[in-house]
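Just below is one structure, and these are the notes that go with it.
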Amino acid sequence: MDKYIKNLTPYFFLFLLLFGIIVLYQGPSTKVKDVSLNELVGQINEGKVASITVEQNVLDITLQDKTKQKASKESEASLSETLTNYGVVTEKLNAVNVTVKEPSGFSFWAATLLPFLLPFFLIALFLWFMLKQAGKGNSQALSFGMSKARLLDPEDKKKRITFKDIAGSMEAKKELEEVVDFLKQPKKFLDMGAKIPKGVLLLGSPGTGKTLMAKAVAGEAGVPFFNISGSEFVEMFVGVGASRVRDLFKQAKKSAPAIVFIDEIDAVGRHRGAGLGGGHDEREQTLNQILVEMDGFETETSVIVIAATNRPDVLDPALLRPGRFDRRVTMDLPDINDREQILIIHSKNKPLEENINLRTIAERTPGFSGADLANLLNEAAILATRREKTIIGIDELTESIEKVILGPERRSRVINPEEKKIVAYHEAGHALVGASLPLADPVQKVSIISRGSAGGYTLAVPAEDKTLHSREYYYDELAMLLGGYASEKLIFSDITTGPSNDLERATQMARNMVTRYGMSRLGARTFGKKEELVFLGREMHEEKNYSEKTAEAIDNEVSRLIDEAFKRATDILIQRKSTLTLLAETLLEKETIEKAEFDKLVSIQTV
């Protein structure tokens with residue numbers, strides 16, 4: 001709508017200009033009395049007329065009292081002749097100041113032609129506007145197969161991103177420095193007989209900074225950066241995706257050296273032959289064109305394709321072969337040092353309290369991606385603004401961590417005293433079991449304030465980043481997950497629907513221990529193979545590569561692990577029932593227990 005208003009604005013002002021010209025030549029806006037020639041002759045004979053201005057056949061009359069009048073004379077006769085015919089006294093007429101005003105050529109022609117030409121001009125203007133809009137429609141139709149890639153100009157200093165703007169990911173940067181060096185000095189590599197790396201595939205979880213890293217490569221190399229999403233190639237019309245691929249690579253070759261960045265390449269790069277007709281045929285044509293363009297690069301063409309995906313397992317093997325995507329760079333979740341650096345970068349434009357240690361925040365956010373950390377600081381800034389504070393405190397940051405993980409607080413939720421007591425013992429059971437086991441993640445906070453769909457929560461964060469987990473760790477984690485369930489059964493001799501999510505997570509963890517990690521009596525092997533079916537949507541299917549007898553053994557092992565963890569949790573709670581009651585009563589009184597107070601209440605002892 002705003003675009004159409006912008007296009008019509010010049011025509012509106014042109015119309016106002018023409019309207020003003022017409023009004024200008026219509027004469028004065030004040031009403032002047034018209035008199036007949038008989039009345040004019042009478043006024044002259046009575047000596048009331050001071051002056052008469054003659055302009056063509058129009059007489060502008062000024063009386064002695066400064067009153068203005070208007071009259072018309074005959075076009076064939078002069079004024080004196082006309083007035084004499086009406087009986088004017090010659091002496092009285094001689095006393096009147098008569099002025100003859102010759103009309104200018106422009107005003108004459110304007111007054112004569114404008115009333116006739118103006119309608120034709122407005123019609124022509126309207127037709128021209130309609131034809132212009134139709135021409136735009138035709139040009140859009142003709143550009144339907146053109147690439148929709150967005151070009152990031154390397155000369156734009158405000159939008160330029162370099163490696164120093166990205167915290168962590170040192171290994172990824174080191175891999176990509178070679179690409180930057182080639183874009184800056186391609187001749188050095190060509191003289192050595194080295195082939196151009198045609199493609200770089202960035203792999204990693206969502207939010208790990210794949211797009212940001214691709215922009216940094218372009219910023220470091222100072223070359224044009226063509227950015228497009230995989231979904232922008234495919235349209236409802238057959239052949240459009242392939243046409244856009246051709247146009248994209250044509251533009252990139254003209255701007256070489258350049259970088260073509262395809263985000264979410266799995267949208268068009270999935271295994272061919274995975275579907276039945278329709279859009280899949282169009283997607284496969286687009287993929288085929290991408291393969292041809294990458295394989296058809298001339299040796300001297302300094303164009304590198306960077307693609308990003310978080311689903312490398314579904315990509316077509318032809319994309320991954322040497323000569324297409326020669327480099328594969330994995331973007332891992334940041335470790336504690338990287339998280340601290342990411343927090344420092346994103347907090348530069350945010351006023352933080354002087355005593356805030358971002359290292360502490362980094363310790364409490366394992367598993368957070370760069371996007372999660374940016375969102376955390378943004379939520380803290382919003383929370384501080386809502387509380388009418390001028391700086392962001394540690395309270396806002398810690399609350400934002402919980403909000404990112406679990407969702408916003410639901411203090412308005414009405415809970416009856418009996419349910420509140422059950423939730424308090426449930427969360428106290430989780431926390432106490434976790435605090436009593438040597439390998440379980442340390443408890444940072446316990447709360448019975450509802451967040452998201454949870455009635456309460458126990459926040460347990462590992463003391464340090466881990467990439468490998470032992471069997472004993474999973475045993476302790478299973479017991480902690482079942483701590484709430486065991487606490488409800490011990491205290492109330494009944495169970496509620498509250499532990500449903502805990503049971504689901506515990507069951508999945510136990511099944512993974514048996515079928516994926518070889519942590520059971522069934523030995524060192526895996527059971528089942530997950531496959532993705534692409535038909536009428538996304539569906540995960542597990543291929544059953546074991547017998548019914550083995551399936552029964554798997555179920556028995558899962559049940560054994562769950563039962564042992566439940567018994568272990570129950571034994572801890574029975575042994576420390578007084579501590580469990582103390583934690584629950586404190587939660588009912590304060591609703592939230594932080595780590596320092598929790599450690600004092602529990603006086604941690606390992607079992």
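How things are named: the first chain in the structure tokens is A, the next is B, and so on; residues count from 1 in each chain; ligands count from 1 in the order shown.
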Surrounding residues of stretch 544-558 of chain A excluding itself and chain neighbours under 2 positions, 8 Å, only C-alpha atoms, as a PDB file with N, CA and C atoms, in the first residue's frame:
ATOM      1  N   THR A 507      12.482 -43.054  30.898  1.00  0.00           N
ATOM      2  CA  THR A 507      12.299 -44.214  30.022  1.00  0.00           C
ATOM      3  C   THR A 507      13.145 -44.096  28.766  1.00  0.00           C
ATOM      4  N   ALA A 510      16.824 -44.641  29.663  1.00  0.00           N
ATOM      5  CA  ALA A 510      17.107 -46.060  29.892  1.00  0.00           C
ATOM      6  C   ALA A 510      17.121 -46.835  28.583  1.00  0.00           C
ATOM      7  N   ARG A 511      16.197 -46.520  27.679  1.00  0.00           N
ATOM      8  CA  ARG A 511      16.159 -47.217  26.393  1.00  0.00           C
ATOM      9  C   ARG A 511      17.403 -46.897  25.565  1.00  0.00           C
ATOM     10  N   VAL A 514      20.291 -48.930  26.660  1.00  0.00           N
ATOM     11  CA  VAL A 514      20.240 -50.316  26.211  1.00  0.00           C
ATOM     12  C   VAL A 514      20.484 -50.424  24.711  1.00  0.00           C
ATOM     13  N   THR A 515      19.798 -49.583  23.916  1.00  0.00           N
ATOM     14  CA  THR A 515      19.797 -49.759  22.465  1.00  0.00           C
ATOM     15  C   THR A 515      20.855 -48.933  21.735  1.00  0.00           C
ATOM     16  N   SER A 520      24.169 -52.081  29.093  1.00  0.00           N
ATOM     17  CA  SER A 520      23.244 -53.020  29.725  1.00  0.00           C
ATOM     18  C   SER A 520      23.813 -54.426  29.645  1.00  0.00           C
ATOM     19  N   ARG A 521      23.059 -55.372  30.153  1.00  0.00           N
ATOM     20  CA  ARG A 521      23.501 -56.769  30.150  1.00  0.00           C
ATOM     21  C   ARG A 521      23.445 -57.397  28.760  1.00  0.00           C
ATOM     22  N   LEU A 522      22.817 -56.698  27.810  1.00  0.00           N
ATOM     23  CA  LEU A 522      22.703 -57.253  26.458  1.00  0.00           C
ATOM     24  C   LEU A 522      23.994 -57.124  25.669  1.00  0.00           C
ATOM     25  N   PHE A 527      20.702 -51.630  18.845  1.00  0.00           N
ATOM     26  CA  PHE A 527      19.479 -52.286  18.395  1.00  0.00           C
ATOM     27  C   PHE A 527      18.605 -51.258  17.681  1.00  0.00           C
ATOM     28  N   GLY A 528      18.214 -51.587  16.449  1.00  0.00           N
ATOM     29  CA  GLY A 528      17.351 -50.689  15.687  1.00  0.00           C
ATOM     30  C   GLY A 528      18.142 -49.649  14.928  1.00  0.00           C
ATOM     31  N   LYS A 529      17.535 -49.157  13.866  1.00  0.00           N
ATOM     32  CA  LYS A 529      18.166 -48.130  13.037  1.00  0.00           C
ATOM     33  C   LYS A 529      17.104 -47.119  12.649  1.00  0.00           C
ATOM     34  N   GLU A 542      11.774 -46.422  12.826  1.00  0.00           N
ATOM     35  CA  GLU A 542      12.901 -47.212  13.318  1.00  0.00           C
ATOM     36  C   GLU A 542      12.854 -48.599  12.697  1.00  0.00           C
ATOM     37  N   ARG A 560      14.364 -53.036  34.188  1.00  0.00           N
ATOM     38  CA  ARG A 560      15.312 -53.259  35.284  1.00  0.00           C
ATOM     39  C   ARG A 560      16.035 -51.960  35.667  1.00  0.00           C
ATOM     40  N   LEU A 561      16.481 -51.222  34.653  1.00  0.00           N
ATOM     41  CA  LEU A 561      17.173 -49.960  34.944  1.00  0.00           C
ATOM     42  C   LEU A 561      16.258 -48.970  35.652  1.00  0.00           C
ATOM     43  N   ILE A 562      15.006 -48.888  35.207  1.00  0.00           N
ATOM     44  CA  ILE A 562      14.051 -47.971  35.834  1.00  0.00           C
ATOM     45  C   ILE A 562      13.778 -48.409  37.273  1.00  0.00           C
TER      46      ILE A 562
END
Stretch 565-594 of chain A residues near stretch 491-501 of chain A within 10 Å, closest pair each, using only C-alpha atoms, as CSV:
residue,atom,partner,partner_atom,distance
A:Leu573,CA,A:Ile491,CA,9.7
A:Ile574,CA,A:Ile491,CA,9.7
A:Lys577,CA,A:Ile491,CA,9.2
A:Leu580,CA,A:Ile491,CA,9.7
A:Thr581,CA,A:Ile491,CA,9.3
I need the residues in stretch 422-553 of chain A that are strand (DSSP E or B) according to DSSP; give them as a tab-separated table (two decimals) with N, CA, C and O atoms, in the first residue's frame.
chain	number	residue	atom	x	y	z
A	443	VAL	N	22.79	-29.24	41.98
A	443	VAL	CA	21.54	-28.47	42.02
A	443	VAL	C	21.87	-26.99	42.22
A	443	VAL	O	22.58	-26.63	43.17
A	444	GLN	N	21.35	-26.14	41.34
A	444	GLN	CA	21.59	-24.71	41.41
A	444	GLN	C	20.40	-23.96	42.02
A	444	GLN	O	20.58	-22.93	42.68
A	445	LYS	N	19.21	-24.49	41.79
A	445	LYS	CA	18.02	-23.79	42.27
A	445	LYS	C	16.84	-24.75	42.30
A	445	LYS	O	16.72	-25.63	41.44
A	446	VAL	N	15.97	-24.59	43.30
A	446	VAL	CA	14.74	-25.37	43.41
A	446	VAL	C	13.60	-24.38	43.60
A	446	VAL	O	13.71	-23.44	44.41
A	447	SER	N	12.52	-24.56	42.86
A	447	SER	CA	11.40	-23.62	42.94
A	447	SER	C	10.08	-24.36	42.72
A	447	SER	O	10.03	-25.37	42.01
A	451	ARG	N	6.40	-22.58	35.81
A	451	ARG	CA	6.99	-22.03	34.59
A	451	ARG	C	6.59	-22.90	33.43
A	451	ARG	O	6.78	-24.12	33.47
A	454	ALA	N	5.34	-26.70	33.55
A	454	ALA	CA	5.81	-27.35	34.77
A	454	ALA	C	5.24	-26.66	36.00
A	454	ALA	O	5.21	-25.42	36.08
A	457	TYR	N	10.21	-26.65	39.38
A	457	TYR	CA	11.39	-27.11	38.65
A	457	TYR	C	12.59	-27.18	39.58
A	457	TYR	O	12.67	-26.46	40.58
A	458	THR	N	13.49	-28.09	39.24
A	458	THR	CA	14.79	-28.21	39.91
A	458	THR	C	15.85	-27.98	38.85
A	458	THR	O	15.97	-28.75	37.90
A	459	LEU	N	16.61	-26.91	39.01
A	459	LEU	CA	17.63	-26.54	38.01
A	459	LEU	C	18.96	-27.15	38.42
A	459	LEU	O	19.58	-26.74	39.39
A	460	ALA	N	19.38	-28.17	37.66
A	460	ALA	CA	20.66	-28.83	37.92
A	460	ALA	C	21.57	-28.61	36.72
A	460	ALA	O	21.20	-28.93	35.59
A	529	LYS	N	17.54	-49.16	13.87
A	529	LYS	CA	18.17	-48.13	13.04
A	529	LYS	C	17.10	-47.12	12.65
A	529	LYS	O	16.09	-47.46	12.05
A	530	LYS	N	17.35	-45.87	13.02
A	530	LYS	CA	16.37	-44.82	12.73
A	530	LYS	C	16.50	-44.35	11.30
A	530	LYS	O	17.60	-44.11	10.81
A	531	GLU	N	15.35	-44.20	10.64
A	531	GLU	CA	15.31	-43.67	9.28
A	531	GLU	C	14.23	-42.62	9.19
A	531	GLU	O	13.25	-42.65	9.94
A	532	GLU	N	14.43	-41.69	8.26
A	532	GLU	CA	13.44	-40.63	8.05
A	532	GLU	C	12.67	-40.92	6.78
A	532	GLU	O	13.24	-41.10	5.71
A	533	LEU	N	11.35	-40.97	6.89
A	533	LEU	CA	10.50	-41.17	5.74
A	533	LEU	C	9.94	-39.82	5.29
A	533	LEU	O	9.41	-39.07	6.10
A	534	VAL	N	10.08	-39.52	4.00
A	534	VAL	CA	9.56	-38.27	3.46
A	534	VAL	C	8.35	-38.59	2.60
A	534	VAL	O	8.47	-38.83	1.40
A	538	ARG	N	7.00	-35.25	7.56
A	538	ARG	CA	8.20	-35.86	8.14
A	538	ARG	C	7.79	-36.91	9.16
A	538	ARG	O	7.00	-36.65	10.05
A	539	GLU	N	8.33	-38.08	9.04
A	539	GLU	CA	8.01	-39.17	9.95
A	539	GLU	C	9.28	-39.95	10.27
A	539	GLU	O	10.04	-40.32	9.38
A	540	MET	N	9.53	-40.16	11.56
A	540	MET	CA	10.68	-40.93	11.98
A	540	MET	C	10.27	-42.39	12.11
A	540	MET	O	9.28	-42.72	12.76
A	541	HIS	N	11.03	-43.26	11.49
A	541	HIS	CA	10.73	-44.68	11.49
A	541	HIS	C	11.97	-45.43	11.96
A	541	HIS	O	13.08	-45.11	11.56
A	542	GLU	N	11.77	-46.42	12.83
A	542	GLU	CA	12.90	-47.21	13.32
A	542	GLU	C	12.85	-48.60	12.70
A	542	GLU	O	11.87	-49.33	12.85
A	543	GLU	N	13.91	-48.90	11.99
A	543	GLU	CA	14.01	-50.23	11.39
A	543	GLU	C	14.36	-51.23	12.47
A	543	GLU	O	15.32	-51.08	13.22
* **Neighbour list for A:Leu383 as a PyMOL selection string, cut-off 10 Å, only C-alpha atoms, skip fewer than 4 positions in-chain** => chain A and resi 377-379+387-389+392-393+395-397+399-400
* Backbone DSSP call of alpha helix (DSSP H) for stretch 452-494 of chain A, listed as a PyMOL selection string -> chain A and resi 471-481+483-492
* Given only C-alpha atoms as the counted atoms, nearest of A:Gln64, A:Ala95, A:Gly407, A:Gly456 to A:Glu419 -> A:Gly456
* To do: Identify which of the residues A:Ala596, A:Leu127, A:Leu406, A:Val98 lies closest to A:Asp60, counting only C-alpha atoms when measuring atom-to-atom distances.
  => A:Val98
* May I have the residues within 12 Å of A:Arg576 as a VMD selection string, using only C-alpha atoms and disregarding those fewer than 2 positions away in the same chain? => chain A and resid 428 to 429 432 to 433 435 to 436 487 490 569 to 574 578 to 583 601 to 607
* Asked: Near A:Ile345, counting only C-alpha atoms, which residues have an atom at most 12 Å away, once you skip same-chain residues fewer than 5 positions from it, shown as a list in words?
  ->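 Near neighbours after the sequence-gap exclusion: Lys164, Asp165, Ile166, Ala167, Gly168, Asp338, Arg339, Glu340, Lys350, Leu358, Gly370, Leu373, Ala374 and Leu377 of chain A.
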How about saving the chosen residues, N, CA, C and O atoms kept, as a PDB file, in the first residue's frame?
ATOM      1  N   LYS A 164      36.718 -11.258  14.140  1.00  0.00           N
ATOM      2  CA  LYS A 164      36.827 -10.719  15.496  1.00  0.00           C
ATOM      3  C   LYS A 164      35.450 -10.426  16.104  1.00  0.00           C
ATOM      4  O   LYS A 164      35.343 -10.252  17.331  1.00  0.00           O
ATOM      5  N   ASP A 165      34.408 -10.374  15.269  1.00  0.00           N
ATOM      6  CA  ASP A 165      33.051 -10.168  15.772  1.00  0.00           C
ATOM      7  C   ASP A 165      32.400 -11.464  16.227  1.00  0.00           C
ATOM      8  O   ASP A 165      31.266 -11.464  16.708  1.00  0.00           O
ATOM      9  N   ILE A 166      33.085 -12.586  16.048  1.00  0.00           N
ATOM     10  CA  ILE A 166      32.550 -13.897  16.422  1.00  0.00           C
ATOM     11  C   ILE A 166      33.426 -14.485  17.524  1.00  0.00           C
ATOM     12  O   ILE A 166      34.635 -14.646  17.344  1.00  0.00           O
ATOM     13  N   ALA A 167      32.810 -14.799  18.649  1.00  0.00           N
ATOM     14  CA  ALA A 167      33.555 -15.369  19.775  1.00  0.00           C
ATOM     15  C   ALA A 167      33.658 -16.882  19.611  1.00  0.00           C
ATOM     16  O   ALA A 167      32.739 -17.533  19.118  1.00  0.00           O
ATOM     17  N   GLY A 168      34.790 -17.437  20.061  1.00  0.00           N
ATOM     18  CA  GLY A 168      34.958 -18.880  20.013  1.00  0.00           C
ATOM     19  C   GLY A 168      35.130 -19.399  18.599  1.00  0.00           C
ATOM     20  O   GLY A 168      35.571 -18.691  17.685  1.00  0.00           O
ATOM     21  N   ASP A 338      34.036 -20.091  25.415  1.00  0.00           N
ATOM     22  CA  ASP A 338      33.376 -19.450  24.280  1.00  0.00           C
ATOM     23  C   ASP A 338      32.094 -18.743  24.725  1.00  0.00           C
ATOM     24  O   ASP A 338      31.771 -17.657  24.236  1.00  0.00           O
ATOM     25  N   ARG A 339      31.363 -19.368  25.651  1.00  0.00           N
ATOM     26  CA  ARG A 339      30.113 -18.742  26.123  1.00  0.00           C
ATOM     27  C   ARG A 339      30.409 -17.420  26.823  1.00  0.00           C
ATOM     28  O   ARG A 339      29.673 -16.442  26.674  1.00  0.00           O
ATOM     29  N   GLU A 340      31.504 -17.396  27.590  1.00  0.00           N
ATOM     30  CA  GLU A 340      31.878 -16.146  28.253  1.00  0.00           C
ATOM     31  C   GLU A 340      32.195 -15.060  27.231  1.00  0.00           C
ATOM     32  O   GLU A 340      31.761 -13.901  27.373  1.00  0.00           O
ATOM     33  N   LYS A 350      24.815  -3.062  26.410  1.00  0.00           N
ATOM     34  CA  LYS A 350      23.834  -3.205  27.489  1.00  0.00           C
ATOM     35  C   LYS A 350      24.488  -2.810  28.809  1.00  0.00           C
ATOM     36  O   LYS A 350      25.570  -3.299  29.151  1.00  0.00           O
ATOM     37  N   LEU A 358      30.414 -12.407  34.233  1.00  0.00           N
ATOM     38  CA  LEU A 358      29.821 -13.162  33.129  1.00  0.00           C
ATOM     39  C   LEU A 358      30.303 -14.605  33.106  1.00  0.00           C
ATOM     40  O   LEU A 358      29.652 -15.470  32.508  1.00  0.00           O
ATOM     41  N   GLY A 370      24.989 -19.820  20.667  1.00  0.00           N
ATOM     42  CA  GLY A 370      25.216 -18.381  20.614  1.00  0.00           C
ATOM     43  C   GLY A 370      23.920 -17.603  20.539  1.00  0.00           C
ATOM     44  O   GLY A 370      23.765 -16.545  21.165  1.00  0.00           O
ATOM     45  N   LEU A 373      22.328 -17.444  23.981  1.00  0.00           N
ATOM     46  CA  LEU A 373      22.988 -16.475  24.866  1.00  0.00           C
ATOM     47  C   LEU A 373      22.597 -15.043  24.503  1.00  0.00           C
ATOM     48  O   LEU A 373      22.394 -14.206  25.395  1.00  0.00           O
ATOM     49  N   ALA A 374      22.491 -14.768  23.202  1.00  0.00           N
ATOM     50  CA  ALA A 374      22.036 -13.431  22.781  1.00  0.00           C
ATOM     51  C   ALA A 374      20.608 -13.190  23.254  1.00  0.00           C
ATOM     52  O   ALA A 374      20.272 -12.093  23.726  1.00  0.00           O
ATOM     53  N   LEU A 377      20.520 -12.377  27.102  1.00  0.00           N
ATOM     54  CA  LEU A 377      20.824 -10.984  27.442  1.00  0.00           C
ATOM     55  C   LEU A 377      19.707 -10.048  27.014  1.00  0.00           C
ATOM     56  O   LEU A 377      19.412  -9.063  27.706  1.00  0.00           O
TER      57      LEU A 377
END
* Pick out the residues sitting within 6 Å of stretch 303-310 of chain A, and hand them over as a list in words; count only C-alpha atoms, and ignore anything fewer than 3 positions along from it in its own chain. =>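 Using only C-alpha atoms, the neighbours found are Lys198, Gly199, Val200, Leu201, Leu202, Leu203, Gly204, Ser205, Ala256, Pro257, Ala258, Ile259, Val260, Phe261, Ile262, Asp263, Glu264 and Ile265 of chain A.
Rounded to one decimal, atom CA of A:Gln185 and atom CA of A:Gly222 lie 11.7 Å from each other.
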